[in-house]
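> Structure incoming, see below.
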Amino acid sequence: MNTLSALKPNSLIVLAAPHAAREEASRLAVELVLHGPLTVLDGGNRFQPYLITRLLRQQHVDIISASRRLSIRRSFTCFQMLALLESTPALQQPYLILDLLAGFYDEQVGDNQAHRLLERCLEQVLRLGQLGPVVITLAPAPSPERSFLVERVCSRADRVLTPEQSRRQASQPALFAR
Amino acid sequence: MNKHTGWLMDLYPGAQGGLSLWLLCDGGERLQMQMNFPVCFYAAGESRLLRQAWMHLQGRELSLARTCRRDLFSGERDLLAITVPHPGELCNIFRTLSEQFPDLDYYNADIPLPLRFAAQTGIGLLGRCRVSRNEEGQVTALERLDSPWELEPEPLPLRVLYLSPDCDPVVCPPQQLQVRFERQQFCLNLKDPQTLKVSLEALLRRCDPDLILSDYGDTWLFGQLREWAPGLNPNRDPLKEIQTRNAASYFAYGQVIHRGAQVHLFGRWHIDRCNALLFGEYDLQGVLEQTRVTGLGVQETARKSPGAGITAMQMLTALRTKVLVPVVKQQAEGRKTLNELIRMDRGGLIFQPLPGLHKHVAQIDFASMYPSIMVQYNISPETNLSGAPPGDREEEGLVPHTLRPLLEKRLALKNQLQQLDPRDCRAGPLKARAAALKWLLVVCFGYLGYKNARFGRIESHQAVTRISRELMLQAKETAEDLGFTILHMYIDGLFVQKDGLGKPHDFTPLLEAVHSQTGIPITLEGVYKWLVFPSSRLDSRLPVPNRYFGAFLNGDLKYRGIALRRHDTSLFAAETQLGVLKILAQADDPREKAGEARRFAAWQLDRLRRGKIPLDRLRLSLKLSRELDAYRSPGPAARAGRQLEARGQPVRPGMRVHFWYVYGGVKVSDVDLKEIDLGRYRRLVERAVDEVLGEWGLAQEPVLPGFGAVPG
């Protein structure tokens with residue numbers, strides 16, 4: 001998935017992959033933070049601060065100032081996700097929304113309520129996207145009944161990226177059996 | 001006008017409106033009374049929507065008003081107050097209103113009725129009170145006679161009826177129902193439903209129990225009774241029907257938990273010991289104590305997690321202090337930079353242990369460290385979270401205000417317990433009550449960071465761990481200044497050692513110094529004559545935090561993180577490991593007894609080989625962490641789950657499945673001793689023995705000649 005090349009101002013990119021494209025999102029966050037400020041909004045506890053720090057170190061940049069450019073806010077329910085989006089100012093910078101739908105997959109939240117809250121969240125996402133690009137990562141719905149949520153988010157996206165089929169890489173066979 | 005004094009046993013929405021109360025009177029009567037009890041909830045939001053909601057509700061038998069109250073997070077809010085005359089109708093009115101106006105914020109709409117009652121009258125469930133009632137049985141006045149914080153509440157003269165089947169219904173169909181009431185004990189045959197119905201009706205009429213304490217009552221007995229004896233009503237209130245709640249699987253405390261279906265009664269209680277989360281930890285006395293302090297009903301308290309108890313206590317504080325209780329928490333985390341997140345979002349402090357055998361080690365623990373920090377540093381969502389002790393003028397936050405009396409009561413009970421002889425008949429109930437309060441305190445910290453906690457805030461959660469790490473470092477430095485070596489630190493406890501010190505009073509100056517430095521009381525858990533921190537199985541150079549076993553000076557054992565403590569260990573393996581530890585505990589140096597311990601292990605394995613171990617000692621119990629279809633390569637638990645499913649048993653994530661290892665796999669029932677995979681059990685036992693004897697290199701020798709050593 002080459003997300004960076006797809007990023008343009010006022011664009012909404014969706015990464016749909018198992019584990020809400022956790023690894024890819026971390027690499028993307030590092031790439032973005034090297035270029036300027038970045039706001040991460042995490043809906044499913046997917047943010048990996050230690051991995052991002054390690055990846056930043058590998059770039060041989062001033063890690064303190066780089067990490068100051070990255071802001072993070074987390075939510076743990078769909079109600080909190082809406083509150084999080086509503087209280088985030090629209091700035092001229094990219095936004096990375098991790099596992100947007102995690103709270104919406106909660107069985108305690110009814111379909112109608114999930115749908116209503118998601119619509120309100122998407123309005124906020126579009127507001128944030130007016131000045132800077134927005135990347136949303138999504139995990140697959142845990143049950144077919146909730147897949148309408150993924151479809152709804154994807155329908156609003158300018159581009160939807162899914163993981164490439166992993167290609168088997170040539171590898172050296174072990175010399176000795178373990 | 002009649003006046004009655006007694007304990008408030010139960011309350012619920014009456015079948016004819018109002019509130020139904022049950023009083024266990026001093027004279028032994030169980031009295032039902034009615035009371036008018038209107039309840040109120042609130043809606044907030046855009047004026048336009050509130051006006052529409054007002055118009056939507058007009059014309060119904062409701063009282064509507066405009067008011068203003070404090071939301072803990074967003075301050076004063078203008079509200080539409082909706083007062084419902086009959087408490088039983090609140091749920092429906094709220095549901096229809098919230099479906100019609102989903103964009104409004106709702107408050108105080110899902111508060112359990114006993115909490116509303118306690119907030120309004122000051123009388124909680126199991127509280128003693130004086131009630132005046134008129135000729136129609138309507139309550140006209142109520143007077144509180146005690147407090148939930150009394151250290152020695154008057155014991156309730158409860159009538160308890162015990163019902164249990166003769167076997168686990170999952171394993172085989174029960175044939176008899178064992179009945180126990182006071183000194184009588186007998187069995188009812190399950191083959192003839194009509195006789196069973198008549199017998200049970202007679203039993204309930206004759207004994208009139210306050211509590212039916214059952215095994216598998218929720219998940220089997222009452223469901224079967226509905227089939228066998230459709231007309232049987234086990235409620236004391238004849239106008240009510242049994243209330244059933246569906247089974248559920250949910251994720252909490254880092255694991256999937258399954259709660260079976262529930263059966264609640266009215267006017268009397270039903271508790272299924274096998275479906276009550278922590279009943280095994282603190283028994284009925286603990287449940288009653290939690291009911292007293294949380295205000296939740298007995299049947300709820302027994303089945304719910306202590307977290308629900310803490311939530312109830314916070315709700316009660318909020319109701320009393322006129323703070324709004326939101327139906328859903330909507331506050332998200334504040335903005336942090338990557339650096340700030342890494343610095344703040346850490347857990348408790350762990351100082352890795354020094355692996356190996358140590359002698360004359362003292363374990364000192366901060367008493368209820370996290371709750372103490374929350375109270376002492378005024379940690380609450382609405383207060384200052386800088387980590388500095390609060391000034392005199394700072395108002396106490398909702399969370400510390402709730403916890404303070406709980407913490408004080410727990411410490412007082414613990415002190416009482418320490419002064420009692422363990423053989424004293426009061427020690428058992430006191431221990432159970434202290435354990436029940438301890439569980440509430442254990443979860444109160446986690447609830448600060450729990451996503452659905454009404455008064456939780458992740459920053460408060462982080463503030464507590466930040467302060468705890470600082471206090472642990474202060475304790476470590478204080479101990480080192482006094483010449484102690486720190487062997488291990490884990491969250492709120494330290495293992496310390498100093499040459500020449502081996503008696504409990506030797507450590508008093510250390511305790512005093514740490515207390516004076518940190519301001520949090522610290523207690524001596526005990527002095528070990530020897531203590532072992534095992535190293536990692538994968539790499540013997542690596543230590544493992546919070547895994548240890550040792551013997552105190554009086555020979556008592558303490559162990560953490562070994563097979564004995566794990567739920568997936570068979571009773572036989574656990575008993576063998578405990579036996580080995582008990583032998584080692586006889587000596588001041590466990591190495592002296594290693595040979596004897598090895599012989600004991602060999603004898604146990606010999607019994608296994610000769611088929612002398614009863615099948616129930618070999619049964620294993622594992623939890624299903626997901627749906628059966630979600631297992632890619634099914635392990636023993638999933639295979640056992642599939643067998644149960646094939647027999648028509650409902651299998652859900654979080655359920656614990658019981659099974660035996662047999663040749664060719666696992667089996668959940670109808671097991672014959674000849675089928676048991678002895679080799680597998682031998683390996684499990686040898687592994688458990690190796691866990692404690694391996695520290696001295698003895699596991700390299702075969703535990704029993706002919707069986708061989710544990711394969712790597």
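By convention in this document, the chains of the structure tokens carry letters A, B, ... by their order, each chain's residues are numbered from 1, and ligands are numbered from 1 in the order they are shown.
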Tell me which protein, DNA and RNA residues are within 6 Å of Ala247 in chain B, counting only C-alpha atoms, leaving out same-chain ones fewer than 4 positions away, and put them as a ChimeraX atom specification.
/B:259-261
> Residues of the last selection are to be written out with N, CA and C atoms, as an mmCIF file, in the first residue's frame.

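File part28.cif, as written:
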data_model
loop_
_atom_site.group_PDB
_atom_site.id
_atom_site.type_symbol
_atom_site.label_atom_id
_atom_site.label_comp_id
_atom_site.auth_asym_id
_atom_site.auth_seq_id
_atom_site.Cartn_x
_atom_site.Cartn_y
_atom_site.Cartn_z
ATOM 1 N N ARG B 259 -20.828 -14.707 31.299
ATOM 2 C CA ARG B 259 -21.744 -14.729 32.438
ATOM 3 C C ARG B 259 -22.981 -15.477 31.990
ATOM 4 N N GLY B 260 -23.279 -16.545 32.691
ATOM 5 C CA GLY B 260 -24.414 -17.381 32.306
ATOM 6 C C GLY B 260 -25.725 -16.629 32.490
ATOM 7 N N ALA B 261 -26.808 -17.213 31.995
ATOM 8 C CA ALA B 261 -28.131 -16.620 32.197
ATOM 9 C C ALA B 261 -28.373 -16.482 33.701
#
> Please, which residues of range 105-151 of chain A, numbered as in this document, come out alpha helix (DSSP H) from DSSP, as a PyMOL selection string?
chain A and resi 111-128+147-151
> Select, from A:Gln93, A:Thr53, A:Gln124, A:Gln108, the residue with the minimum atom-to-atom distance to Thr77 in chain A, counting only C-alpha atoms.
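Using only C-alpha atoms, Thr77 in chain A sits closest to A:Gln108.
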> Please provide the set of residues having any atom within 9 Å of Phe148 in chain A, restricted to only C-alpha atoms, with same-chain residues fewer than 5 positions apart removed, written as a ChimeraX atom specification.
/A:115,141,153
> Keeping C-alpha atoms, export the residues of the selection given above as a compact mmCIF listing (two decimals), in the first residue's frame.

# COMPACT_ATOMS: atom_id res chain seq x y z
CA HIS A 115 -25.27 4.39 11.92
CA ALA A 141 -16.28 -5.80 10.73
CA VAL A 153 -16.95 4.97 5.36
> Could you list, as a PDB file with C-alpha atoms, in the first residue's frame, every residue within 8 Å of Ile82 in chain B, counting only C-alpha atoms and ignoring same-chain residues fewer than 6 positions away?

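Saved as result.pdb:
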ATOM      1  CA  CYS B  40     -36.557  11.634  37.818  1.00  0.00           C
ATOM      2  CA  PHE B  41     -34.204  11.709  34.841  1.00  0.00           C
ATOM      3  CA  TYR B  42     -32.842  14.553  32.745  1.00  0.00           C
ATOM      4  CA  ALA B  43     -32.251  15.519  29.140  1.00  0.00           C
ATOM      5  CA  LEU B  62     -45.374  12.820  33.880  1.00  0.00           C
ATOM      6  CA  SER B  63     -44.097  15.911  35.566  1.00  0.00           C
ATOM      7  CA  LEU B  64     -41.870  18.115  33.384  1.00  0.00           C
ATOM      8  CA  ALA B  65     -39.730  20.995  34.607  1.00  0.00           C
TER       9      ALA B  65
END
